[in-house]
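Structure file data.tsv with TSV, C-alpha atoms:
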chain	number	residue	atom	x	y	z
K	28	MET	CA	-228.10	-141.57	59.26
K	29	GLU	CA	-224.43	-141.45	58.42
K	30	ARG	CA	-225.12	-142.46	54.80
K	31	TYR	CA	-228.02	-140.03	54.65
K	32	ALA	CA	-225.89	-137.12	55.92
K	33	GLN	CA	-223.37	-137.93	53.23
K	34	GLY	CA	-226.02	-137.59	50.54
K	35	ASP	CA	-227.48	-141.07	50.08
K	36	ASP	CA	-231.17	-140.17	49.69
K	37	ALA	CA	-232.20	-143.83	49.65
K	38	ALA	CA	-231.17	-144.00	53.32
K	39	PHE	CA	-234.17	-141.89	54.29
K	40	GLU	CA	-236.64	-144.78	54.23
K	41	PRO	CA	-234.78	-147.06	56.66
K	42	LEU	CA	-234.25	-144.02	58.86
K	43	TYR	CA	-237.97	-143.33	58.76
K	44	GLU	CA	-238.83	-146.96	59.51
K	45	GLY	CA	-236.52	-146.97	62.51
K	46	LEU	CA	-237.73	-143.75	64.06
K	47	ALA	CA	-241.29	-142.93	62.99
K	48	ALA	CA	-243.18	-145.18	65.39
K	49	ARG	CA	-241.15	-144.12	68.42
K	50	LEU	CA	-241.35	-140.44	67.63
K	51	ARG	CA	-245.02	-140.65	66.87
K	52	GLY	CA	-245.67	-142.35	70.20
K	53	PHE	CA	-243.66	-139.69	72.01
K	54	LEU	CA	-245.49	-136.85	70.26
K	55	ARG	CA	-248.94	-138.41	70.75
K	56	ARG	CA	-248.36	-138.97	74.44
K	57	SER	CA	-247.05	-135.45	74.81
K	58	THR	CA	-249.82	-133.67	72.91
K	59	ASN	CA	-252.85	-135.93	73.37
K	60	ASP	CA	-253.75	-134.78	69.85
K	61	ALA	CA	-253.23	-137.24	67.00
K	62	ALA	CA	-253.45	-134.63	64.23
K	63	LEU	CA	-250.98	-132.31	65.92
K	64	ALA	CA	-248.65	-135.23	66.66
K	65	ASP	CA	-248.66	-136.32	63.01
K	66	ASP	CA	-248.03	-132.77	61.88
K	67	LEU	CA	-245.10	-132.46	64.30
K	68	LEU	CA	-243.78	-135.83	63.16
K	69	GLN	CA	-243.79	-134.67	59.56
K	70	GLN	CA	-242.02	-131.45	60.55
K	71	THR	CA	-239.47	-133.44	62.54
K	72	PHE	CA	-238.52	-135.53	59.53
K	73	LEU	CA	-238.40	-132.49	57.27
K	74	ARG	CA	-236.10	-130.70	59.72
K	75	MET	CA	-233.92	-133.76	59.96
K	76	HIS	CA	-233.75	-133.78	56.19
K	77	ARG	CA	-232.89	-130.09	55.87
K	78	GLY	CA	-230.39	-130.30	58.71
K	79	ARG	CA	-228.80	-133.62	57.81
K	80	ALA	CA	-225.50	-131.96	56.92
K	81	SER	CA	-225.11	-130.69	60.46
K	82	PHE	CA	-225.61	-134.14	62.00
K	83	GLU	CA	-222.40	-134.91	63.82
K	84	ARG	CA	-220.21	-137.60	62.34
K	85	ASN	CA	-220.78	-140.84	64.27
K	86	GLY	CA	-223.35	-139.06	66.42
K	87	ALA	CA	-226.34	-140.79	67.99
K	88	VAL	CA	-229.40	-140.40	65.80
K	89	ILE	CA	-232.06	-141.21	68.41
K	90	PRO	CA	-231.27	-138.32	70.79
K	91	TRP	CA	-230.88	-136.03	67.78
K	92	ALA	CA	-234.30	-136.96	66.42
K	93	TYR	CA	-235.93	-136.71	69.86
K	94	ALA	CA	-234.31	-133.33	70.44
K	95	ILE	CA	-235.72	-131.99	67.17
K	96	ALA	CA	-239.16	-133.43	67.92
K	97	ARG	CA	-239.10	-132.04	71.46
K	98	ARG	CA	-238.13	-128.58	70.22
K	99	LEU	CA	-240.99	-128.59	67.72
K	100	LEU	CA	-243.32	-129.85	70.42
K	101	LEU	CA	-242.37	-127.05	72.82
K	102	ASP	CA	-242.79	-124.46	70.04
K	103	ALA	CA	-246.21	-125.88	69.17
K	104	LEU	CA	-247.36	-125.87	72.78
K	105	ARG	CA	-246.08	-122.33	73.22
K	106	THR	CA	-247.90	-121.24	70.08
K	107	ARG	CA	-251.12	-122.69	71.37
K	108	ARG	CA	-250.49	-120.74	74.59
K	109	ARG	CA	-250.90	-123.87	76.58
K	110	LYS	CA	-248.60	-124.89	79.33
K	111	PRO	CA	-246.98	-128.28	78.69
K	112	GLU	CA	-248.47	-129.47	81.99
K	113	ALA	CA	-251.95	-128.88	80.66
K	114	ALA	CA	-251.23	-130.64	77.40
K	115	LEU	CA	-249.80	-133.79	78.88
K	116	PRO	CA	-252.07	-136.80	79.02
K	117	ASN	CA	-250.56	-137.84	82.30
K	118	GLU	CA	-252.61	-140.95	82.76
K	119	GLU	CA	-251.48	-142.40	79.44
K	120	LEU	CA	-247.94	-141.36	80.24
K	121	LEU	CA	-248.03	-143.17	83.55
K	122	ARG	CA	-249.57	-146.27	82.06
K	123	SER	CA	-246.94	-146.26	79.30
K	124	ALA	CA	-244.13	-146.06	81.78
K	125	ASP	CA	-242.50	-149.22	82.95
K	126	ASN	CA	-244.37	-148.68	86.14
K	127	PRO	CA	-245.86	-151.62	88.03
K	128	GLU	CA	-247.55	-149.30	90.50
K	129	ALA	CA	-249.47	-147.58	87.74
K	130	ARG	CA	-250.46	-150.89	86.15
K	131	VAL	CA	-252.07	-152.17	89.31
K	132	ALA	CA	-253.27	-148.83	90.59
K	133	GLY	CA	-256.93	-148.12	90.87
K	134	ARG	CA	-258.59	-145.14	89.27
K	135	GLU	CA	-258.11	-142.97	92.34
K	136	ASP	CA	-254.41	-143.80	92.67
K	137	LEU	CA	-253.85	-143.11	89.00
K	138	ASP	CA	-255.58	-139.76	89.32
K	139	GLN	CA	-253.29	-138.93	92.20
K	140	LEU	CA	-250.22	-139.92	90.21
K	141	SER	CA	-251.45	-137.86	87.26
K	142	ALA	CA	-251.94	-134.86	89.50
K	143	LYS	CA	-248.42	-135.28	90.89
K	144	LEU	CA	-246.95	-135.58	87.42
K	145	ALA	CA	-248.72	-132.41	86.32
K	146	LYS	CA	-247.20	-130.54	89.25
K	147	LEU	CA	-243.63	-131.59	88.45
K	148	PRO	CA	-241.26	-128.95	87.08
K	149	GLU	CA	-241.01	-129.26	83.30
K	150	GLU	CA	-237.45	-130.55	83.32
K	151	HIS	CA	-238.22	-133.27	85.89
K	152	ARG	CA	-241.25	-134.41	83.95
K	153	THR	CA	-239.25	-134.44	80.71
K	154	ALA	CA	-236.56	-136.54	82.39
K	155	PHE	CA	-239.21	-138.99	83.59
K	156	GLU	CA	-240.79	-139.15	80.17
K	157	LEU	CA	-237.58	-139.64	78.20
K	158	VAL	CA	-235.99	-142.15	80.55
K	159	ARG	CA	-238.95	-144.08	81.89
K	160	VAL	CA	-241.50	-143.86	79.10
K	161	GLU	CA	-239.34	-143.57	75.99
K	162	GLY	CA	-236.67	-145.89	77.33
K	163	LEU	CA	-233.72	-143.69	76.45
K	164	SER	CA	-230.48	-144.10	78.35
K	165	LEU	CA	-229.46	-141.30	80.70
K	166	ALA	CA	-226.80	-140.19	78.20
K	167	GLU	CA	-229.30	-140.13	75.34
K	168	ALA	CA	-231.92	-138.28	77.37
K	169	ALA	CA	-229.26	-135.79	78.48
K	170	ALA	CA	-228.30	-135.14	74.87
K	171	VAL	CA	-231.94	-134.51	73.95
K	172	VAL	CA	-232.35	-131.68	76.43
K	173	GLY	CA	-228.73	-130.44	76.38
K	174	ALA	CA	-227.87	-131.41	79.95
K	175	THR	CA	-225.22	-133.63	81.47
K	176	PRO	CA	-226.07	-137.29	82.23
K	177	THR	CA	-225.57	-136.56	85.93
K	178	ALA	CA	-228.09	-133.71	85.81
K	179	MET	CA	-230.50	-135.94	83.92
K	180	LYS	CA	-230.11	-138.71	86.53
K	181	MET	CA	-230.84	-136.24	89.28
K	182	ARG	CA	-233.91	-134.86	87.51
K	183	ALA	CA	-235.27	-138.34	86.85
K	184	HIS	CA	-234.60	-139.33	90.46
K	185	ARG	CA	-236.48	-136.28	91.72
K	186	ALA	CA	-239.39	-137.15	89.45
K	187	TYR	CA	-239.47	-140.72	90.81
K	188	VAL	CA	-239.37	-139.45	94.38
K	189	ALA	CA	-242.10	-136.90	93.71
K	190	LEU	CA	-244.28	-139.53	92.06
K	191	GLY	CA	-243.48	-142.06	94.76
K	192	ILE	CA	-242.44	-144.77	92.30
K	193	GLY	CA	-239.34	-146.93	91.89
K	194	HIS	CA	-236.50	-146.28	89.48
K	195	GLY	CA	-237.09	-149.24	87.21
K	196	LYS	CA	-237.83	-152.91	86.92
K	197	GLY	CA	-235.15	-153.95	89.31
K	198	ASP	CA	-235.78	-151.57	92.12
K	199	ALA	CA	-239.52	-150.91	91.93
R	17	MET	CA	-248.31	-147.71	66.05
R	18	SER	CA	-247.71	-148.02	62.32
R	19	MET	CA	-248.06	-145.13	59.96
R	20	PRO	CA	-250.37	-145.33	56.92
R	21	SER	CA	-248.35	-146.04	53.79
R	22	GLU	CA	-249.85	-143.08	51.89
R	23	TRP	CA	-248.77	-140.78	54.71
R	24	LYS	CA	-245.25	-142.14	54.44
R	25	ALA	CA	-245.27	-141.85	50.62
R	26	LYS	CA	-246.37	-138.22	50.92
R	27	LEU	CA	-243.56	-137.48	53.36
R	28	VAL	CA	-240.94	-139.22	51.21
R	29	ALA	CA	-242.14	-137.21	48.18
R	30	GLU	CA	-241.94	-133.96	50.16
R	31	VAL	CA	-238.46	-134.82	51.38
R	32	LYS	CA	-237.33	-135.48	47.81
R	33	GLN	CA	-238.62	-132.06	46.75
R	34	THR	CA	-236.97	-130.23	49.65
R	35	PRO	CA	-233.41	-129.14	48.93
R	36	SER	CA	-230.89	-130.06	51.58
R	37	PRO	CA	-227.11	-129.90	51.37
R	38	THR	CA	-225.06	-132.97	52.13
R	39	ARG	CA	-222.37	-132.87	54.79
R	40	SER	CA	-219.53	-132.48	52.28
R	41	GLU	CA	-221.39	-129.69	50.45
R	42	LEU	CA	-221.90	-127.82	53.70
R	43	ARG	CA	-218.26	-128.28	54.69
R	44	ARG	CA	-217.11	-126.96	51.33
R	45	LYS	CA	-219.44	-123.94	51.48
R	46	THR	CA	-218.34	-123.15	55.04
R	47	ALA	CA	-214.68	-123.34	54.04
R	48	ILE	CA	-215.29	-121.00	51.09
R	49	ALA	CA	-217.19	-118.52	53.30
R	50	ALA	CA	-214.49	-118.58	55.98
R	51	THR	CA	-211.83	-118.02	53.32
R	52	ILE	CA	-213.74	-115.02	51.95
R	53	GLY	CA	-214.10	-113.53	55.43
R	54	LEU	CA	-210.45	-114.09	56.30
R	55	ALA	CA	-209.29	-112.80	52.91
R	56	VAL	CA	-211.21	-109.53	53.33
R	57	SER	CA	-209.78	-109.05	56.84
R	58	ALA	CA	-206.28	-109.93	55.60
R	59	LEU	CA	-206.68	-107.43	52.74
R	60	PHE	CA	-207.62	-104.76	55.28
R	61	VAL	CA	-204.55	-105.52	57.42
R	62	GLY	CA	-202.37	-105.70	54.31
R	63	ARG	CA	-203.62	-102.32	53.08
R	64	HIS	CA	-203.29	-100.50	56.40
R	65	GLY	CA	-200.35	-102.47	57.68
R	66	ILE	CA	-199.78	-103.61	61.24
R	67	ASP	CA	-199.23	-100.52	63.34
R	68	PRO	CA	-197.94	-101.50	66.78
R	69	GLY	CA	-197.72	-97.92	68.08
R	70	PRO	CA	-196.33	-98.12	71.60
R	71	ARG	CA	-197.42	-101.76	71.93
R	72	GLU	CA	-195.02	-104.65	72.19
R	73	PRO	CA	-195.10	-106.81	69.01
R	74	PHE	CA	-195.32	-109.89	71.23
R	75	PHE	CA	-198.46	-108.50	72.91
R	76	LEU	CA	-200.03	-107.84	69.50
R	77	ALA	CA	-199.17	-111.30	68.24
R	78	ALA	CA	-200.43	-113.00	71.40
R	79	VAL	CA	-203.79	-111.22	71.42
R	80	ALA	CA	-204.31	-111.78	67.69
R	81	PHE	CA	-203.42	-115.46	68.08
R	82	ILE	CA	-205.77	-115.97	71.01
R	83	ILE	CA	-208.67	-114.22	69.29
R	84	LEU	CA	-208.17	-116.09	66.02
R	85	SER	CA	-207.92	-119.38	67.93
R	86	PHE	CA	-211.31	-118.68	69.46
R	87	ALA	CA	-212.65	-117.75	66.03
R	88	ALA	CA	-211.50	-121.09	64.64
R	89	ARG	CA	-212.86	-122.94	67.66
R	90	THR	CA	-216.27	-121.29	67.47
R	91	LEU	CA	-216.49	-121.91	63.73
R	92	PHE	CA	-215.53	-125.55	64.24
R	93	ALA	CA	-217.97	-125.97	67.14
R	94	ALA	CA	-220.77	-124.57	65.01
R	95	THR	CA	-220.48	-127.40	62.50
R	96	GLY	CA	-221.96	-129.99	64.89
R	97	SER	CA	-225.62	-130.09	65.71
R	98	LEU	CA	-226.06	-131.72	69.11
R	99	TRP	CA	-224.12	-130.50	72.10
R	100	THR	CA	-224.22	-131.99	75.51
R	101	SER	CA	-223.61	-128.68	77.17
R	102	PRO	CA	-225.26	-125.46	75.97
R	103	ARG	CA	-223.58	-123.77	78.92
R	104	GLY	CA	-220.18	-124.72	77.50
R	105	THR	CA	-221.29	-123.29	74.17
R	106	GLN	CA	-222.31	-120.05	75.84
R	107	ARG	CA	-218.88	-119.81	77.44
R	108	LEU	CA	-217.31	-120.38	74.03
R	109	VAL	CA	-219.45	-117.62	72.53
R	110	ALA	CA	-218.33	-115.21	75.27
R	111	MET	CA	-214.60	-115.98	75.03
R	112	PRO	CA	-213.54	-113.61	72.22
R	113	TYR	CA	-215.32	-110.73	73.95
R	114	VAL	CA	-213.69	-111.60	77.26
R	115	VAL	CA	-210.27	-111.45	75.58
R	116	LEU	CA	-211.10	-108.07	74.04
R	117	ALA	CA	-212.38	-106.81	77.40
R	118	ALA	CA	-209.13	-107.99	79.03
R	119	VAL	CA	-207.16	-105.95	76.49
R	120	ALA	CA	-209.25	-102.87	77.31
R	121	VAL	CA	-208.49	-103.40	81.00
R	122	ALA	CA	-204.79	-103.86	80.21
R	123	TYR	CA	-204.81	-100.56	78.31
R	124	ALA	CA	-206.38	-98.86	81.32
R	125	GLN	CA	-203.25	-99.64	83.36
R	126	GLY	CA	-201.01	-97.48	81.16
R	127	PRO	CA	-200.88	-93.73	80.55
R	128	THR	CA	-204.15	-92.50	79.09
R	129	PRO	CA	-204.10	-89.97	76.25
R	130	PRO	CA	-207.18	-87.74	75.83
R	131	HIS	CA	-210.12	-89.70	74.52
R	132	SER	CA	-212.21	-88.56	71.56
R	133	LEU	CA	-215.44	-90.24	70.52
R	134	ARG	CA	-214.81	-89.10	66.96
R	135	GLY	CA	-211.66	-91.20	66.94
R	136	ASP	CA	-213.63	-94.31	67.94
R	137	VAL	CA	-215.97	-94.19	64.95
R	138	PRO	CA	-213.57	-95.43	62.22
R	139	CYS	CA	-212.54	-98.46	64.29
R	140	LEU	CA	-216.15	-99.22	65.21
R	141	LEU	CA	-217.35	-98.97	61.61
R	142	THR	CA	-214.43	-100.97	60.26
R	143	THR	CA	-215.06	-103.74	62.80
R	144	LEU	CA	-218.74	-103.74	61.83
R	145	ALA	CA	-217.92	-103.87	58.12
R	146	LEU	CA	-215.32	-106.63	58.33
R	147	GLY	CA	-217.40	-108.71	60.74
R	148	GLY	CA	-220.44	-108.11	58.55
R	149	VAL	CA	-218.70	-109.42	55.44
R	150	PHE	CA	-217.51	-112.52	57.30
R	151	GLY	CA	-220.93	-113.00	58.91
R	152	VAL	CA	-222.89	-112.62	55.67
R	153	ALA	CA	-220.59	-115.07	53.88
R	154	ILE	CA	-220.89	-117.68	56.62
R	155	LEU	CA	-224.67	-117.24	56.97
R	156	PHE	CA	-225.11	-117.57	53.23
R	157	ALA	CA	-223.21	-120.85	53.38
R	158	ARG	CA	-225.16	-122.24	56.32
R	159	ARG	CA	-228.67	-120.93	55.78
R	160	GLY	CA	-231.47	-123.37	56.56
R	161	THR	CA	-229.22	-126.11	57.94
R	162	GLU	CA	-229.69	-126.00	61.73
R	163	PRO	CA	-232.62	-128.02	63.02
R	164	LEU	CA	-231.92	-127.78	66.74
R	165	ARG	CA	-230.39	-124.70	68.29
R	166	PRO	CA	-230.28	-121.92	65.71
R	167	LEU	CA	-229.73	-119.15	68.27
R	168	LEU	CA	-226.75	-120.77	69.98
R	169	LYS	CA	-225.20	-121.86	66.71
R	170	GLY	CA	-225.87	-118.45	65.21
R	171	LEU	CA	-224.11	-116.81	68.14
R	172	LEU	CA	-221.15	-119.14	67.65
R	173	LEU	CA	-220.91	-118.15	63.99
R	174	ALA	CA	-221.35	-114.49	64.92
R	175	SER	CA	-218.61	-114.68	67.55
R	176	SER	CA	-216.33	-116.20	64.99
R	177	SER	CA	-216.88	-113.33	62.54
R	178	ALA	CA	-216.66	-110.69	65.28
R	179	ALA	CA	-213.39	-112.18	66.54
R	180	VAL	CA	-211.76	-112.11	63.11
R	181	ALA	CA	-212.86	-108.50	62.54
R	182	GLY	CA	-211.80	-107.50	66.06
R	183	ALA	CA	-208.34	-109.03	65.59
R	184	ALA	CA	-207.82	-107.35	62.18
R	185	VAL	CA	-208.73	-103.87	63.42
R	186	PHE	CA	-206.76	-104.40	66.64
R	187	LEU	CA	-203.60	-105.07	64.60
R	188	ALA	CA	-204.07	-101.95	62.47
R	189	CYS	CA	-205.01	-99.49	65.23
R	190	PRO	CA	-202.09	-97.93	67.14
R	191	VAL	CA	-204.22	-96.13	69.73
R	192	VAL	CA	-203.51	-97.32	73.27
R	193	GLU	CA	-206.43	-95.96	75.22
R	194	HIS	CA	-208.93	-98.05	77.10
R	195	TRP	CA	-212.10	-96.07	76.26
R	196	HIS	CA	-211.18	-96.09	72.58
R	197	PHE	CA	-210.64	-99.83	72.78
R	198	ALA	CA	-213.86	-100.45	74.73
R	199	ILE	CA	-216.02	-98.37	72.37
R	200	GLY	CA	-214.30	-98.71	69.00
R	201	HIS	CA	-213.10	-102.30	69.23
R	202	LEU	CA	-215.01	-104.22	71.91
R	203	GLY	CA	-218.19	-102.26	71.14
R	204	GLY	CA	-217.78	-102.91	67.43
R	205	ALA	CA	-217.21	-106.62	67.99
R	206	LEU	CA	-220.21	-106.90	70.30
R	207	ALA	CA	-222.40	-104.98	67.87
R	208	VAL	CA	-221.44	-107.08	64.88
R	209	GLY	CA	-221.70	-110.25	66.98
R	210	GLY	CA	-225.20	-109.30	68.09
R	211	LEU	CA	-226.38	-108.31	64.61
R	212	VAL	CA	-224.98	-111.39	62.90
R	213	GLY	CA	-226.24	-113.57	65.77
R	214	VAL	CA	-229.81	-112.28	65.48
R	215	ALA	CA	-229.75	-112.64	61.69
R	216	ALA	CA	-228.22	-116.10	62.00
R	217	ALA	CA	-230.89	-117.33	64.42
R	218	ARG	CA	-233.47	-116.70	61.69
R	219	LEU	CA	-231.47	-117.63	58.61
R	220	ILE	CA	-229.81	-120.87	59.67
R	221	ARG	CA	-232.97	-122.43	61.14
R	222	ALA	CA	-233.79	-125.59	59.18

Could I get this structure in the form of structure tokens?
Amino acid sequence: MERYAQGDDAAFEPLYEGLAARLRGFLRRSTNDAALADDLLQQTFLRMHRGRASFERNGAVIPWAYAIARRLLLDALRTRRRKPEAALPNEELLRSADNPEARVAGREDLDQLSAKLAKLPEEHRTAFELVRVEGLSLAEAAAVVGATPTAMKMRAHRAYVALGIGHGKGDA
Amino acid sequence: MSMPSEWKAKLVAEVKQTPSPTRSELRRKTAIAATIGLAVSALFVGRHGIDPGPREPFFLAAVAFIILSFAARTLFAATGSLWTSPRGTQRLVAMPYVVLAAVAVAYAQGPTPPHSLRGDVPCLLTTLALGGVFGVAILFARRGTEPLRPLLKGLLLASSSAAVAGAAVFLACPVVEHWHFAIGHLGGALAVGGLVGVAAARLIRA
């Protein structure tokens, strides 16, 4: 990204290769709509391209890209007049999470978890999604939403408590 | 989850066709715009001269220094794209106006000459004009470059232009009266900050 921000257009392709699959997965899980996700992915890369000059020197590209994708996602959901809760494919989200409970859960348990996830406040669900599903560090996830890492840790913790699941591999 | 190669080729082609400044181009344009804005404000001060009136020169210098420091800080902060604390950014946006409000309060402590709304208009219009020139120059330089938080970054740029204009008119205006300061100076800075901020939120969005 550093080379790209400085004007090396050839650096776009490696940037794309490194980010496209992750961002596409994030957008697909969040929209449950492949066409919309691909459209948002394209817009994300175009915005990154147009805004490359404002990318902070030695900044972290992953949170930056996720933040742009998330902003576009929220705008798209708002435009469709759908609440993010309604748009989230919670079951897929839970299965994608590093979540042993969800992997072994029966249909009924998974439905219950999905219902709980849908009821979470938006910022708690986002914290869960970015940290648990997308695998971002607390600092990266905090940068995506513009919060402090401590706030992000607290939000993720509240999501885990509300969902009744462990914090990760080690403490599940 | 791999992407079809034709999809990628289409995106790469679209990216190549979409103009986008590099970091050094943006830095150069921002520096030119800031120089234009400062030069116009300096010309105004040079033409009218610094009129301390009953004010202490040290007080004038201190307020101008503080306001210009915030202007530089806000302009600098607006060059980055990802902040960890939008709340900190909001505080930064508010700072120049807080300083101007503090000056209005300080003026209220002294003897108050009769206030006339007609006397406020020239200061208000001059602040709007100077801030507008600075704002337009900086927005022209940075249009279409902010992919993340155009409103916050726009308000930072707007605060920067309002602070420069506010400081220039403050130096040239000898009137020591808190209502004049609140309406003509603080009001002018807030108005130009709001106008430039709203325009910026639309224009700098990538």

Closest atom pairs, chain K residues within 7 Å of chain R, all atoms listed in the file, as CSV:
residue,atom,partner,partner_atom,distance
K:Ala32,CA,R:Arg39,CA,5.6
K:Gln33,CA,R:Thr38,CA,5.4
K:Gly34,CA,R:Thr38,CA,5.0
K:Ala48,CA,R:Met17,CA,5.8
K:Gln69,CA,R:Leu27,CA,6.8
K:Leu73,CA,R:Val31,CA,6.3
K:Arg74,CA,R:Pro163,CA,5.5
K:Met75,CA,R:Pro163,CA,6.6
K:His76,CA,R:Ser36,CA,6.6
K:Arg77,CA,R:Ser36,CA,4.7
K:Gly78,CA,R:Thr161,CA,4.4
K:Arg79,CA,R:Thr38,CA,6.8
K:Ala80,CA,R:Arg39,CA,3.9
K:Ser81,CA,R:Ser97,CA,5.3
K:Phe82,CA,R:Ser97,CA,5.5
K:Glu83,CA,R:Gly96,CA,5.1
K:Trp91,CA,R:Leu98,CA,6.6
K:Ile95,CA,R:Leu164,CA,5.7
K:Ala169,CA,R:Thr100,CA,7.0
K:Ala170,CA,R:Thr100,CA,5.2
K:Gly173,CA,R:Thr100,CA,4.8
K:Ala174,CA,R:Ser101,CA,5.8
K:Thr175,CA,R:Thr100,CA,6.3

So, with only C-alpha atoms as the atoms that count, which of K:Leu165, K:Leu157, K:Val172, K:Leu46 lies closest to Val88 in chain K?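 The closest residue to Val88 in chain K is K:Leu46.
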
So how far away is CA of Arg182 in chain K from CA of Ala166 in chain K, in Å?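 Between CA of Ala166 in chain K and CA of Arg182 in chain K the gap is 12.9 Å.
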
Proximity to Leu101 in chain K - best of K:Asn85, K:Gln139, K:Ser164, K:Thr153, only C-alpha atoms: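 Using only C-alpha atoms, the shortest distance to Leu101 in chain K belongs to K:Thr153.
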
Around range 182-195 of chain R, with edges along x, y and z and 5 Å added on all six sides, what centre and edge lengths do you get, in Å to one decimal, as JSON?
{"center_x": -207.1, "center_y": -102.5, "center_z": 69.6, "size_x": 20.0, "size_y": 23.1, "size_z": 24.9}

What residues have an atom no more than 9 Å from (-238.2, -137.5, 70.2) in the file's own frame, counting all atoms listed in the file, and can you write them as a list in words?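 Using all atoms listed in the file, the matching residues come out as Leu46, Arg49, Leu50, Arg51, Gly52, Phe53, Leu54, Thr71, Ile89, Pro90, Trp91, Ala92, Tyr93, Ala94, Ile95, Ala96, Arg97, Arg98, Leu157, Glu161 and Val171 of chain K.
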
In Å, how far is it from CA of Pro166 in chain R to CA of Ala217 in chain R?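 Value for the CA of Pro166 in chain R-CA of Ala217 in chain R distance: 4.8 Å.
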
Your completed range 75-80 of chain K with all heavy atoms, as an mmCIF file, keeping the file's coordinate frame:
data_model
loop_
_atom_site.group_PDB
_atom_site.id
_atom_site.type_symbol
_atom_site.label_atom_id
_atom_site.label_comp_id
_atom_site.auth_asym_id
_atom_site.auth_seq_id
_atom_site.Cartn_x
_atom_site.Cartn_y
_atom_site.Cartn_z
ATOM 1 N N MET K 75 -235.071 -132.851 60.004
ATOM 2 C CA MET K 75 -233.920 -133.760 59.960
ATOM 3 C C MET K 75 -233.332 -133.783 58.561
ATOM 4 O O MET K 75 -232.114 -133.818 58.382
ATOM 5 C CB MET K 75 -234.350 -135.179 60.376
ATOM 6 C CG MET K 75 -234.622 -135.315 61.855
ATOM 7 S SD MET K 75 -235.374 -136.898 62.267
ATOM 8 C CE MET K 75 -234.041 -138.007 61.867
ATOM 9 N N HIS K 76 -234.210 -133.759 57.581
ATOM 10 C CA HIS K 76 -233.750 -133.780 56.190
ATOM 11 C C HIS K 76 -232.969 -132.504 55.875
ATOM 12 O O HIS K 76 -231.853 -132.566 55.349
ATOM 13 C CB HIS K 76 -234.966 -133.918 55.271
ATOM 14 C CG HIS K 76 -234.663 -133.721 53.826
ATOM 15 N ND1 HIS K 76 -233.857 -134.575 53.109
ATOM 16 C CD2 HIS K 76 -235.038 -132.748 52.954
ATOM 17 C CE1 HIS K 76 -233.756 -134.147 51.864
ATOM 18 N NE2 HIS K 76 -234.455 -133.033 51.752
ATOM 19 N N ARG K 77 -233.564 -131.352 56.205
ATOM 20 C CA ARG K 77 -232.890 -130.090 55.870
ATOM 21 C C ARG K 77 -231.599 -129.920 56.666
ATOM 22 O O ARG K 77 -230.652 -129.296 56.197
ATOM 23 C CB ARG K 77 -233.829 -128.908 56.146
ATOM 24 C CG ARG K 77 -234.908 -128.757 55.088
ATOM 25 C CD ARG K 77 -235.543 -127.382 55.154
ATOM 26 N NE ARG K 77 -236.240 -127.161 56.400
ATOM 27 C CZ ARG K 77 -237.540 -127.311 56.579
ATOM 28 N NH1 ARG K 77 -238.306 -127.671 55.569
ATOM 29 N NH2 ARG K 77 -238.102 -127.084 57.741
ATOM 30 N N GLY K 78 -231.567 -130.488 57.872
ATOM 31 C CA GLY K 78 -230.390 -130.300 58.710
ATOM 32 C C GLY K 78 -229.440 -131.483 58.722
ATOM 33 O O GLY K 78 -228.551 -131.568 59.571
ATOM 34 N N ARG K 79 -229.602 -132.390 57.764
ATOM 35 C CA ARG K 79 -228.800 -133.620 57.810
ATOM 36 C C ARG K 79 -227.296 -133.345 57.734
ATOM 37 O O ARG K 79 -226.495 -134.083 58.288
ATOM 38 C CB ARG K 79 -229.199 -134.581 56.699
ATOM 39 C CG ARG K 79 -228.953 -134.041 55.303
ATOM 40 C CD ARG K 79 -229.335 -135.076 54.259
ATOM 41 N NE ARG K 79 -229.340 -134.507 52.928
ATOM 42 C CZ ARG K 79 -229.469 -135.228 51.836
ATOM 43 N NH1 ARG K 79 -229.595 -136.519 51.919
ATOM 44 N NH2 ARG K 79 -229.477 -134.642 50.661
ATOM 45 N N ALA K 80 -226.935 -132.257 57.051
ATOM 46 C CA ALA K 80 -225.500 -131.960 56.920
ATOM 47 C C ALA K 80 -224.870 -131.599 58.257
ATOM 48 O O ALA K 80 -223.668 -131.755 58.444
ATOM 49 C CB ALA K 80 -225.303 -130.815 55.934
#
